[in-house]
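Reproduced below: coords.cif, with mmCIF, C-alpha atoms.
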data_my_file
loop_
_atom_site.label_atom_id
_atom_site.label_comp_id
_atom_site.auth_asym_id
_atom_site.auth_seq_id
_atom_site.Cartn_x
_atom_site.Cartn_y
_atom_site.Cartn_z
CA MET A 183 17.85 13.74 1.56
CA THR A 184 15.25 13.17 4.28
CA GLU A 185 13.56 16.29 5.56
CA ILE A 186 13.30 16.52 9.33
CA ILE A 187 9.85 17.87 10.07
CA SER A 188 9.99 18.30 13.82
CA SER A 189 12.28 17.47 16.69
CA ILE A 190 9.29 15.98 18.53
CA GLN A 191 7.30 13.31 16.74
CA GLU A 192 4.65 11.57 18.82
CA ASN A 193 5.01 8.37 16.81
CA CYS A 194 8.79 8.29 17.29
CA ALA A 195 10.26 5.53 19.45
CA PHE A 196 12.47 7.99 21.29
CA PHE A 197 9.45 10.18 22.08
CA PHE A 198 7.95 7.28 24.05
CA ALA A 199 11.22 6.61 25.91
CA ASN A 200 11.62 10.31 26.68
CA ASN A 201 8.08 10.46 28.13
CA ALA A 202 8.83 7.43 30.28
CA ILE A 203 12.09 8.58 31.89
CA SER A 204 12.47 12.32 31.55
CA PRO A 205 9.60 13.80 33.59
CA LYS A 206 10.82 14.59 37.08
CA TRP A 207 10.09 11.77 39.55
CA ASN A 208 9.30 9.04 36.98
CA THR A 209 12.61 7.24 37.38
CA ASN A 210 12.47 7.67 41.17
CA ILE A 211 9.05 6.02 41.25
CA VAL A 212 10.16 3.15 39.01
CA LEU A 213 13.28 2.65 41.14
CA GLU A 214 11.14 2.42 44.27
CA PHE A 215 9.15 -0.44 42.71
CA ILE A 216 12.41 -2.18 41.80
CA THR A 217 13.71 -1.70 45.34
CA ALA A 218 10.46 -2.89 46.93
CA GLU A 219 10.32 -6.02 44.73
CA SER A 220 6.54 -5.99 45.17
CA SER A 221 3.42 -3.93 44.62
CA LEU A 222 3.09 -0.61 46.43
CA SER A 223 0.18 1.53 47.55
CA PHE A 224 0.04 5.27 46.95
CA SER A 225 0.92 5.95 50.60
CA GLU A 226 3.87 3.54 50.49
CA ILE A 227 5.28 5.31 47.44
CA ALA A 228 4.73 8.67 49.17
CA GLN A 229 6.61 7.43 52.26
CA ARG A 230 9.50 6.21 50.11
CA ILE A 231 9.75 9.55 48.26
CA PRO A 232 8.81 12.20 50.84
CA GLU A 233 10.07 15.04 48.64
CA ILE A 234 7.24 14.63 46.12
CA SER A 235 3.88 16.28 46.75
CA PRO A 236 0.77 14.05 46.77
CA ARG A 237 -0.62 15.91 43.75
CA MET A 238 2.58 15.45 41.74
CA LEU A 239 2.83 11.79 42.79
CA SER A 240 -0.73 11.20 41.60
CA MET A 241 0.05 12.84 38.25
CA ARG A 242 3.26 10.83 37.78
CA ILE A 243 1.51 7.54 38.68
CA GLN A 244 -1.26 8.29 36.17
CA SER A 245 1.36 9.00 33.52
CA LEU A 246 3.27 5.79 34.23
CA VAL A 247 0.04 3.77 34.13
CA LYS A 248 -0.90 5.37 30.80
CA LEU A 249 2.56 4.53 29.41
CA GLY A 250 2.20 0.92 30.60
CA ILE A 251 5.19 1.14 32.97
CA ILE A 252 3.10 0.35 36.05
CA SER A 253 -0.35 -1.20 36.36
CA VAL A 254 -3.18 -0.81 38.84
CA ILE A 255 -4.16 -3.70 41.10
CA ASN A 256 -7.71 -3.25 42.37
CA ASN A 257 -8.31 -5.27 45.50
CA PRO A 258 -11.95 -6.16 46.16
CA GLU A 259 -11.53 -5.41 49.87
CA LYS A 260 -13.54 -2.82 51.75
CA PRO A 261 -12.34 -0.14 52.07
CA LYS A 262 -10.98 -0.34 48.55
CA LYS A 263 -7.20 -0.61 48.51
CA VAL A 264 -5.49 0.25 45.26
CA ARG A 265 -1.97 -0.98 44.71
CA TYR A 266 0.43 -0.54 41.82
CA GLN A 267 3.02 -2.86 40.33
CA LEU A 268 5.67 -2.76 37.63
CA THR A 269 4.61 -4.22 34.32
CA GLU A 270 6.91 -6.24 32.09
CA SER A 271 7.66 -2.97 30.34
CA GLY A 272 8.59 -1.41 33.68
CA ARG A 273 10.91 -4.31 34.52
CA GLU A 274 12.54 -3.99 31.09
CA LEU A 275 13.06 -0.29 31.81
CA SER A 276 15.53 -1.37 34.50
CA LYS A 277 17.95 -2.28 31.70
CA VAL A 278 17.78 1.29 30.43
CA LEU A 279 18.24 2.69 33.94
CA HIS A 280 21.23 0.37 34.43
CA VAL A 281 22.90 1.75 31.28
CA ILE A 282 22.13 5.33 32.32
CA ARG A 283 23.58 4.66 35.78
CA GLU A 284 26.76 3.15 34.30
CA TRP A 285 27.14 6.09 31.93
CA SER A 286 26.65 8.52 34.81
CA LEU A 287 29.26 6.76 36.96
CA LYS A 288 31.73 6.82 34.07
CA TYR A 289 31.24 10.42 32.98
CA GLY A 290 29.65 12.16 35.96
CA ASP A 291 31.38 13.45 39.05
CA CYS A 292 29.91 11.09 41.63
CA LYS A 293 32.19 10.80 44.66
CA ASN A 294 29.85 8.69 46.77
CA GLU A 295 31.73 5.43 47.45
CA VAL A 296 28.53 3.57 48.31
CA CYS A 297 27.10 4.45 44.90
CA ILE A 298 30.36 3.85 43.03
CA ASN A 299 30.65 0.39 44.61
CA ASN A 300 27.06 -0.40 43.59
CA GLN A 301 25.93 -0.62 47.22
CA CYS A 302 23.27 2.11 47.18
CA ARG A 303 19.70 0.83 47.36
CA HIS A 304 18.84 1.72 43.77
CA GLY A 305 22.09 0.32 42.38
CA VAL A 306 21.54 -2.95 44.22
CA ALA A 307 17.92 -3.12 43.06
CA ILE A 308 18.79 -2.48 39.42
CA SER A 309 21.60 -5.03 39.52
CA LYS A 310 19.32 -7.63 41.09
CA LEU A 311 16.60 -7.02 38.51
CA MET A 312 19.20 -7.13 35.72
CA GLU A 313 20.26 -10.57 36.96
CA LEU A 314 16.64 -11.77 37.01
CA THR A 315 15.93 -10.51 33.48
CA THR A 316 19.15 -12.15 32.25
CA LEU A 317 18.16 -15.47 33.84
CA ASN A 318 14.55 -15.23 32.59
CA PRO A 319 14.70 -13.51 29.18
#

Please go through the file and, once you have read it, give me the structure as C-alpha cells.
Amino acid sequence: MTEIISSIQENCAFFFANNAISPKWNTNIVLEFITAESSLSFSEIAQRIPEISPRMLSMRIQSLVKLGIISVINNPEKPKKVRYQLTESGRELSKVLHVIREWSLKYGDCKNEVCINNQCRHGVAISKLMELTTLNP
C-alpha cells in the first residue's frame, strides 16, 4: 500500500493547479484577460476589478507571471509602459474555468438568468475562447 506523506506536495500536478486558480482574485484576473481579448496594463486590470487593492493586484499579477499564466510585455516607449498578456498556459486554463463554470451552474444555486443563459461577460468570453482553442488545437 502506498503511504501518503503529505496532503500538499509541491511537485504534485494538483498543487500547481491549486496555486493557479485558488488564490482569491486569480481567476478574476484571468477572466478579465479572456474578456479583453488583448493585453492589459496594470491600471486597466485595476479598472476592470475595482474591488481589488493595488497591492493585492500587484501580488496576484506577480504570482500569475511566476506560474506562467500571464507574461510581461515590456514596451520600449518612454515612459515605460508595461503590459501583460495571457500565455498559452493561461488560454488553456480557460478550459478548466469552463468546466468549473458548468459544474457550478449544475450544482450551485445560481438564479441569474443572464449567467445561466451564458450571456454574462465571463461566460461569453470563456465560450469564445473555448471555440478558438477547439478550432486551433

The PyMOL selection byres ((chain A and resi 279-288) around 12) - which residues does that actually catch in the file I just gave you? List them as an MDAnalysis selection string.
chainID A and resid 199 202:204 208:210 212:213 216 272:278 289:300 302 304:313

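Across the structure, atom CA of Ile234 of chain A and atom CA of Lys206 of chain A are spaced 9.7 Å apart.
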
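Pairwise distance (atom CA of Asn256 of chain A, atom CA of Phe224 of chain A) equals 12.4 Å.
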
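One distance worth recording is that between atom CA of Val264 of chain A and atom CA of Leu222 of chain A, which is 8.7 Å.
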
Do you know which residues are at most 9 Å from Ile211 of chain A counting only C-alpha atoms, after dropping those on the same chain fewer than 6 positions away, and could you put them as a PyMOL selection string?
chain A and resi 227+230-231+239+242-243

Kindly output segment 261-278 of chain A as a short mmCIF file (atom, residue, chain, number, x, y, z; two decimals), in the coordinates of the input, after building N, CA and C atoms.
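Full text of out_18.cif as output:
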data_model
loop_
_atom_site.label_atom_id
_atom_site.label_comp_id
_atom_site.auth_asym_id
_atom_site.auth_seq_id
_atom_site.Cartn_x
_atom_site.Cartn_y
_atom_site.Cartn_z
N PRO A 261 -12.33 -1.16 53.12
CA PRO A 261 -12.34 -0.14 52.07
C PRO A 261 -11.42 -0.55 50.92
N LYS A 262 -11.73 -0.02 49.77
CA LYS A 262 -10.98 -0.34 48.55
C LYS A 262 -9.52 0.06 48.71
N LYS A 263 -8.63 -0.87 48.42
CA LYS A 263 -7.20 -0.61 48.51
C LYS A 263 -6.57 -0.80 47.14
N VAL A 264 -6.12 0.30 46.57
CA VAL A 264 -5.49 0.25 45.26
C VAL A 264 -3.98 0.12 45.45
N ARG A 265 -3.41 -0.80 44.69
CA ARG A 265 -1.97 -0.98 44.71
C ARG A 265 -1.47 -0.89 43.27
N TYR A 266 -0.18 -0.67 43.13
CA TYR A 266 0.43 -0.54 41.82
C TYR A 266 1.60 -1.52 41.74
N GLN A 267 1.88 -1.97 40.52
CA GLN A 267 3.02 -2.86 40.33
C GLN A 267 3.69 -2.55 39.00
N LEU A 268 4.97 -2.92 38.90
CA LEU A 268 5.67 -2.76 37.63
C LEU A 268 5.11 -3.75 36.63
N THR A 269 4.99 -3.32 35.41
CA THR A 269 4.61 -4.22 34.32
C THR A 269 5.89 -4.83 33.75
N GLU A 270 5.74 -5.69 32.79
CA GLU A 270 6.91 -6.24 32.09
C GLU A 270 7.71 -5.10 31.47
N SER A 271 7.01 -4.14 30.91
CA SER A 271 7.66 -2.97 30.34
C SER A 271 8.46 -2.21 31.40
N GLY A 272 7.90 -2.08 32.59
CA GLY A 272 8.59 -1.41 33.68
C GLY A 272 9.83 -2.17 34.13
N ARG A 273 9.74 -3.50 34.16
CA ARG A 273 10.91 -4.31 34.52
C ARG A 273 11.99 -4.20 33.44
N GLU A 274 11.57 -4.16 32.19
CA GLU A 274 12.54 -3.99 31.09
C GLU A 274 13.22 -2.62 31.17
N LEU A 275 12.50 -1.63 31.67
CA LEU A 275 13.06 -0.29 31.81
C LEU A 275 14.28 -0.30 32.73
N SER A 276 14.37 -1.28 33.61
CA SER A 276 15.53 -1.37 34.50
C SER A 276 16.82 -1.51 33.71
N LYS A 277 16.75 -2.15 32.54
CA LYS A 277 17.95 -2.28 31.70
C LYS A 277 18.41 -0.90 31.23
N VAL A 278 17.47 -0.07 30.87
CA VAL A 278 17.78 1.29 30.43
C VAL A 278 18.38 2.08 31.60
#
